[in-house]
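Beneath this line is the structure, given in structure tokens, with notes to follow.
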Amino acid sequence: MTLQLFNSLGRKKEPFVPRIPGQVGIYVCGITAYDYCHIGHARVMVCFDTLVRHLRAGGLQVTHVCNFTDIDDKIIRRALQEQVAIEELTTRFIAAFHEDMAALGVKRADVEPKATEHLPEMRTMIATLIDKGLAYESGGDVFFAVDRFPSYGRLSGKHLDELESGARVDVDLRKRNPLDFVLWKGAKPEEPHWPSPWGDGRPGWHIECSAMGVKYLGEAFDLHGGGRDLIFPHHENEIAQTEGATGKPWVTCWLHNGFVNVVDETGQKEKMSKSLDNFRTIRDLLAAWRGETIRLFLLNSHYRAPLDFSLELLDAARAGLDRLYGALRAACEVLDVLPEPTAVYWAREQQERPDGHAQRFREAMDDDLNTPRALAVLFDLARMINRTVGECQHGGDKASLQQQVALLRGLGAILGLCGDAPEHHFRFCPADAAGQESEQGRLSDEAVERLIEQRTIARRNRDFAGADRMRAELAAGGIVLEDQKERTLWRREA
RNA sequence: GGCCGGGUGGCGAAGUGGCCUAACGCAGAGGUCUGCAAAACCUUCAUUCGUGGGUUCAAAUCCCACCCCGGCCUCCA
């Protein structure tokens, strides 16, 4: 079975066949750097990071491009509000983006181009479009003429005539067709601008992805992804510009992930978005939950389905992750070292692993990135590991345990999970504002270890009342104990 | 108005014609283990898949109608 992906262009699953055997180019629409990222952004990045990991596990050489929009209306407005230079603002939020993504286990893209660093490419493309009669100057701006691109609307399933009849705001008299979109905006006073044959100004939003996509991945490449909300008009416009300029088909397969919705107290749902001001930033959440927990939460539903966000669901995800790491930790009781969390590489591994788990995992991922099903395999493996640990403790064979744990880590790595030391997971200490009082009440790792030692002595002396008192003391600090044969493990409760 | 997703157990979520008396996770119940716990393991937890029709030997899965939720058509991941 080969990888099948749901192509938004045509709205059906298709076998994924790289244009160049063994190689894949993927462009993911990144962020506009003017604010912190929220769960919606996290979803896109985790989703495509996972896809890239899976492609690589399949032996493909992937070039992953993810851009930054570092000039646009919102950025200008925000910089003005905060009284900072535009570049300072964008630099700050790009750095924040990198931090957040690192916490979520999202690998850096191979290329992270910025719009402001690609003015020449954009101008060239605009010039070509004008030459070809697909774009025109009007009132200091340059517009793309949608009428001149016959397949406009193909991606979004919209027809020009229907769009035009729809109620549209702001009829711009400089446009020949109200749907024409701007490629180049004439400079306004006080705004950053660059020179161009059509006068000073700055690029429109859509053109940057076209120009940078072509530059780094070519006039034709395999995959282009982003959130559902980008289908129209952003991606529709990208296609029109690029294919208009090059005269040939651009992207083979368009991928779009579903929204993250927010449910309020009354049960009302709505899409999480900046403009609705109902978003939770990743950074907020990272105070109370590990990034990996957020990642598991996101991967627990299929990427194209809508996803409702709630704190309760994050707690459930944390409990699920506890289970996975619990198995790894149990394995530590038998194995001296855990196998490296290196992603399974199918080309090499598949013959050696006829065992059902790897197979099931791969089939799930190959089926349009069915991460919930892939995750189920991980949980099944965890159960098996727990069982095997029990057998090992009764004199069973360690080799199969070693293999199972290696598989859990190897498959986990494709999802970007289970890569840490179990203790790192269980001792995670929420830095969250849950309270100032918790600041004092919080026990340091060392203090916990000390109390546990005392308790061990008490238990040895069969002073169970004393031991229970110490356990209660630890419990008050959010510490849960697990007595093993030889030692006592502990974890912090959420 | 046009177009697009989604409605599966207490919750989340797979499954899209027979392996489904519905995977997996969370929560719950009982048991084993334990000084007691915790964790783990075992057992249990939807004869039912928004509603009503229909097609079929067979439907959560296909067709028709309807209801509900969300989104896009304007910046948005």
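Ordering of the structure tokens sets the chain letters (A, B, ...); residue numbers start at 1 within each chain; ligands are numbered from 1 in the order shown.
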Give me the residues near range 11-22 of chain B as an MDAnalysis selection string, where near means some atom within 12 Å (using only C-alpha atoms (C1' of nucleotides)) and where sequence neighbours in that chain fewer than 6 positions away do not count.
(chainID A and resid 296:302 305:310 312:317 320 364 370:377) or (chainID B and resid 28 46:49 55:62)
Per residue of chain B within 6 Å of chain A, note the shortest atom pair and the distance in Å to one decimal, counting only C-alpha atoms (C1' of nucleotides), and order the rows by chain and increasing residue number, as CSV.
residue,atom,partner,partner_atom,distance
B:C24,C1',A:Ala376,CA,4.3
B:G25,C1',A:Gly320,CA,5.9
B:C26,C1',A:Ala316,CA,5.1
B:A38,C1',A:Glu482,CA,4.9
B:A77,C1',A:Gly227,CA,4.4
Output of the above residues as an mmCIF file, in the first residue's frame, restricted to N, CA and C atoms (P, O5', C5', C4', C3', O3' and C1' of nucleotides):
data_model
loop_
_atom_site.group_PDB
_atom_site.id
_atom_site.type_symbol
_atom_site.label_atom_id
_atom_site.label_comp_id
_atom_site.auth_asym_id
_atom_site.auth_seq_id
_atom_site.Cartn_x
_atom_site.Cartn_y
_atom_site.Cartn_z
ATOM 1 P P C B 24 -9.189 -1.798 21.558
ATOM 2 O "O5'" C B 24 -8.444 -0.394 21.586
ATOM 3 C "C5'" C B 24 -7.103 -0.279 21.124
ATOM 4 C "C4'" C B 24 -6.718 1.176 21.100
ATOM 5 C "C3'" C B 24 -6.998 1.933 22.394
ATOM 6 O "O3'" C B 24 -6.014 1.689 23.372
ATOM 7 C "C1'" C B 24 -7.776 3.209 20.583
ATOM 8 P P G B 25 -6.362 1.711 24.919
ATOM 9 O "O5'" G B 25 -6.459 3.274 25.225
ATOM 10 C "C5'" G B 25 -5.306 4.087 25.037
ATOM 11 C "C4'" G B 25 -5.695 5.525 25.197
ATOM 12 C "C3'" G B 25 -6.429 5.863 26.488
ATOM 13 O "O3'" G B 25 -5.525 5.982 27.560
ATOM 14 C "C1'" G B 25 -7.529 6.876 24.688
ATOM 15 P P C B 26 -5.966 5.645 29.030
ATOM 16 O "O5'" C B 26 -6.989 6.821 29.355
ATOM 17 C "C5'" C B 26 -6.518 8.162 29.439
ATOM 18 C "C4'" C B 26 -7.679 9.089 29.674
ATOM 19 C "C3'" C B 26 -8.561 8.753 30.865
ATOM 20 O "O3'" C B 26 -7.972 9.171 32.074
ATOM 21 C "C1'" C B 26 -9.914 9.295 29.031
ATOM 22 P P A B 38 -5.134 3.190 44.511
ATOM 23 O "O5'" A B 38 -3.893 3.739 43.685
ATOM 24 C "C5'" A B 38 -3.556 5.121 43.709
ATOM 25 C "C4'" A B 38 -2.194 5.295 43.092
ATOM 26 C "C3'" A B 38 -2.034 4.648 41.718
ATOM 27 O "O3'" A B 38 -2.505 5.491 40.703
ATOM 28 C "C1'" A B 38 -0.211 4.047 43.088
ATOM 29 P P A B 77 -3.228 33.338 10.104
ATOM 30 O "O5'" A B 77 -2.802 31.843 10.377
ATOM 31 C "C5'" A B 77 -1.723 31.259 9.687
ATOM 32 C "C4'" A B 77 -2.158 29.863 9.276
ATOM 33 C "C3'" A B 77 -3.297 29.862 8.290
ATOM 34 O "O3'" A B 77 -2.811 29.875 6.980
ATOM 35 C "C1'" A B 77 -3.746 28.372 10.087
#
From the DSSP assignment of the backbone, select every residue of range 82-300 of chain A that is strand (DSSP E), and format the answer as a ChimeraX atom specification.
/A:135-138,141-144,181-186,201-203,221-227,251-257,260-263,269-271
Given the selection you just returned, output its residues as a file containing N, CA and C atoms, formatted as a short mmCIF file (atom, residue, chain, number, x, y, z; two decimals), in the first residue's frame.
data_model
loop_
_atom_site.label_atom_id
_atom_site.label_comp_id
_atom_site.auth_asym_id
_atom_site.auth_seq_id
_atom_site.Cartn_x
_atom_site.Cartn_y
_atom_site.Cartn_z
N ALA A 135 -2.24 40.84 -15.55
CA ALA A 135 -2.28 41.81 -14.45
C ALA A 135 -2.22 43.20 -15.06
N TYR A 136 -2.68 44.17 -14.29
CA TYR A 136 -2.72 45.54 -14.81
C TYR A 136 -2.49 46.53 -13.68
N GLU A 137 -1.96 47.67 -14.06
CA GLU A 137 -1.76 48.74 -13.09
C GLU A 137 -3.00 49.59 -13.03
N SER A 138 -3.30 50.04 -11.86
CA SER A 138 -4.46 50.92 -11.73
C SER A 138 -4.34 51.72 -10.45
N ASP A 141 -1.64 50.80 -7.86
CA ASP A 141 -1.55 49.41 -7.46
C ASP A 141 -1.46 48.54 -8.71
N VAL A 142 -1.07 47.30 -8.49
CA VAL A 142 -1.13 46.33 -9.58
C VAL A 142 -2.09 45.23 -9.16
N PHE A 143 -3.02 44.90 -10.05
CA PHE A 143 -4.01 43.87 -9.74
C PHE A 143 -3.89 42.68 -10.67
N PHE A 144 -4.28 41.54 -10.15
CA PHE A 144 -4.37 40.35 -10.98
C PHE A 144 -5.78 40.33 -11.57
N PHE A 181 -7.39 40.79 -7.36
CA PHE A 181 -6.69 40.99 -6.09
C PHE A 181 -5.36 41.66 -6.33
N VAL A 182 -4.86 42.27 -5.27
CA VAL A 182 -3.70 43.12 -5.41
C VAL A 182 -2.39 42.33 -5.40
N LEU A 183 -1.51 42.68 -6.35
CA LEU A 183 -0.19 42.06 -6.40
C LEU A 183 0.85 43.02 -5.81
N TRP A 184 0.60 44.28 -6.04
CA TRP A 184 1.54 45.31 -5.56
C TRP A 184 0.72 46.49 -5.06
N LYS A 185 1.00 46.90 -3.83
CA LYS A 185 0.28 48.03 -3.25
C LYS A 185 1.13 49.28 -3.31
N GLY A 186 0.62 50.32 -3.89
CA GLY A 186 1.35 51.58 -3.93
C GLY A 186 1.63 52.06 -2.51
N GLY A 201 6.29 50.83 -3.31
CA GLY A 201 5.15 50.15 -2.67
C GLY A 201 5.59 48.88 -2.00
N ARG A 202 4.62 48.01 -1.76
CA ARG A 202 4.96 46.73 -1.13
C ARG A 202 4.10 45.63 -1.76
N PRO A 203 4.55 44.39 -1.58
CA PRO A 203 3.86 43.29 -2.25
C PRO A 203 2.53 42.95 -1.59
N PHE A 221 5.86 21.42 -8.20
CA PHE A 221 6.29 20.56 -7.10
C PHE A 221 5.11 19.81 -6.51
N ASP A 222 5.40 18.98 -5.50
CA ASP A 222 4.44 17.98 -5.08
C ASP A 222 3.32 18.46 -4.16
N LEU A 223 3.70 19.05 -3.03
CA LEU A 223 2.72 19.29 -1.98
C LEU A 223 2.70 20.73 -1.51
N HIS A 224 1.51 21.20 -1.23
CA HIS A 224 1.37 22.55 -0.69
C HIS A 224 0.26 22.49 0.35
N GLY A 225 0.57 22.95 1.54
CA GLY A 225 -0.41 22.80 2.60
C GLY A 225 -0.68 24.07 3.38
N GLY A 226 -1.71 23.97 4.21
CA GLY A 226 -2.08 25.09 5.06
C GLY A 226 -3.44 24.82 5.67
N GLY A 227 -3.92 25.76 6.44
CA GLY A 227 -5.24 25.63 7.06
C GLY A 227 -6.33 25.75 6.00
N VAL A 251 1.28 23.00 -8.41
CA VAL A 251 1.34 22.05 -7.31
C VAL A 251 0.48 20.83 -7.64
N THR A 252 1.02 19.65 -7.38
CA THR A 252 0.28 18.43 -7.68
C THR A 252 -0.85 18.20 -6.69
N CYS A 253 -0.52 18.35 -5.42
CA CYS A 253 -1.48 17.98 -4.39
C CYS A 253 -1.58 19.06 -3.31
N TRP A 254 -2.80 19.54 -3.10
CA TRP A 254 -3.05 20.57 -2.08
C TRP A 254 -3.63 19.93 -0.84
N LEU A 255 -3.05 20.24 0.29
CA LEU A 255 -3.49 19.65 1.55
C LEU A 255 -3.99 20.74 2.50
N HIS A 256 -5.12 20.47 3.13
CA HIS A 256 -5.65 21.47 4.07
C HIS A 256 -6.16 20.81 5.34
N ASN A 257 -5.72 21.34 6.46
CA ASN A 257 -6.18 20.78 7.73
C ASN A 257 -7.42 21.53 8.23
N VAL A 260 -9.53 24.47 14.39
CA VAL A 260 -9.69 24.23 15.81
C VAL A 260 -10.83 25.15 16.24
N ASN A 261 -11.84 24.56 16.86
CA ASN A 261 -12.97 25.35 17.34
C ASN A 261 -12.86 25.56 18.84
N VAL A 262 -13.51 26.59 19.27
CA VAL A 262 -13.55 26.87 20.69
C VAL A 262 -14.99 26.70 21.13
N VAL A 263 -15.18 26.04 22.26
CA VAL A 263 -16.53 25.86 22.79
C VAL A 263 -16.65 26.72 24.04
N LYS A 269 -20.09 26.84 19.66
CA LYS A 269 -18.79 26.60 19.05
C LYS A 269 -18.47 27.70 18.05
N GLU A 270 -17.21 27.99 17.93
CA GLU A 270 -16.78 28.84 16.83
C GLU A 270 -15.31 28.59 16.55
N LYS A 271 -14.93 28.93 15.33
CA LYS A 271 -13.56 28.73 14.94
C LYS A 271 -12.64 29.60 15.79
#
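For Arg56 in chain A, the non-local neighbours within 12 Å, defined as residues at least 2 positions apart in the same chain or in other chains and counting only C-alpha atoms (C1' of nucleotides), are Gly22, Gln23, Val24, Gly25, Asp49, Thr50, Leu51, Val52, Arg53, His54, Gly58, Gly59, Leu60, Gln61, Val62, Thr63, His64, Thr342, Ala343, Val344, Tyr345, Trp346, Ala347, Ala413, Ile414 and Leu415 of chain A.
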Which residues come within 12 Å of range 110-112 of chain A, counting only C-alpha atoms (C1' of nucleotides), excluding same-chain residues fewer than 2 positions away, as number ranges by chain?
A: 25-31, 49, 52, 61-70, 94, 97-98, 107-108, 114-115, 117-118, 209, 212-213, 215-217
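From CA of Glu14 in chain A back to CA of Thr2 in chain A, the distance works out to 9.8 Å.
The spacing separating CA of Ala421 in chain A from C1' of A23 in chain B amounts to 28.2 Å.
A straight line drawn from CA of Thr128 in chain A to CA of Ala245 in chain A is 5.9 Å long.
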As a list of chain:residue names, please: the residues near G30 in chain B (cut-off 12 Å, only C-alpha atoms (C1' of nucleotides), same-chain neighbours under 4 positions excluded).
B:C42, B:U43, B:U44, B:C45
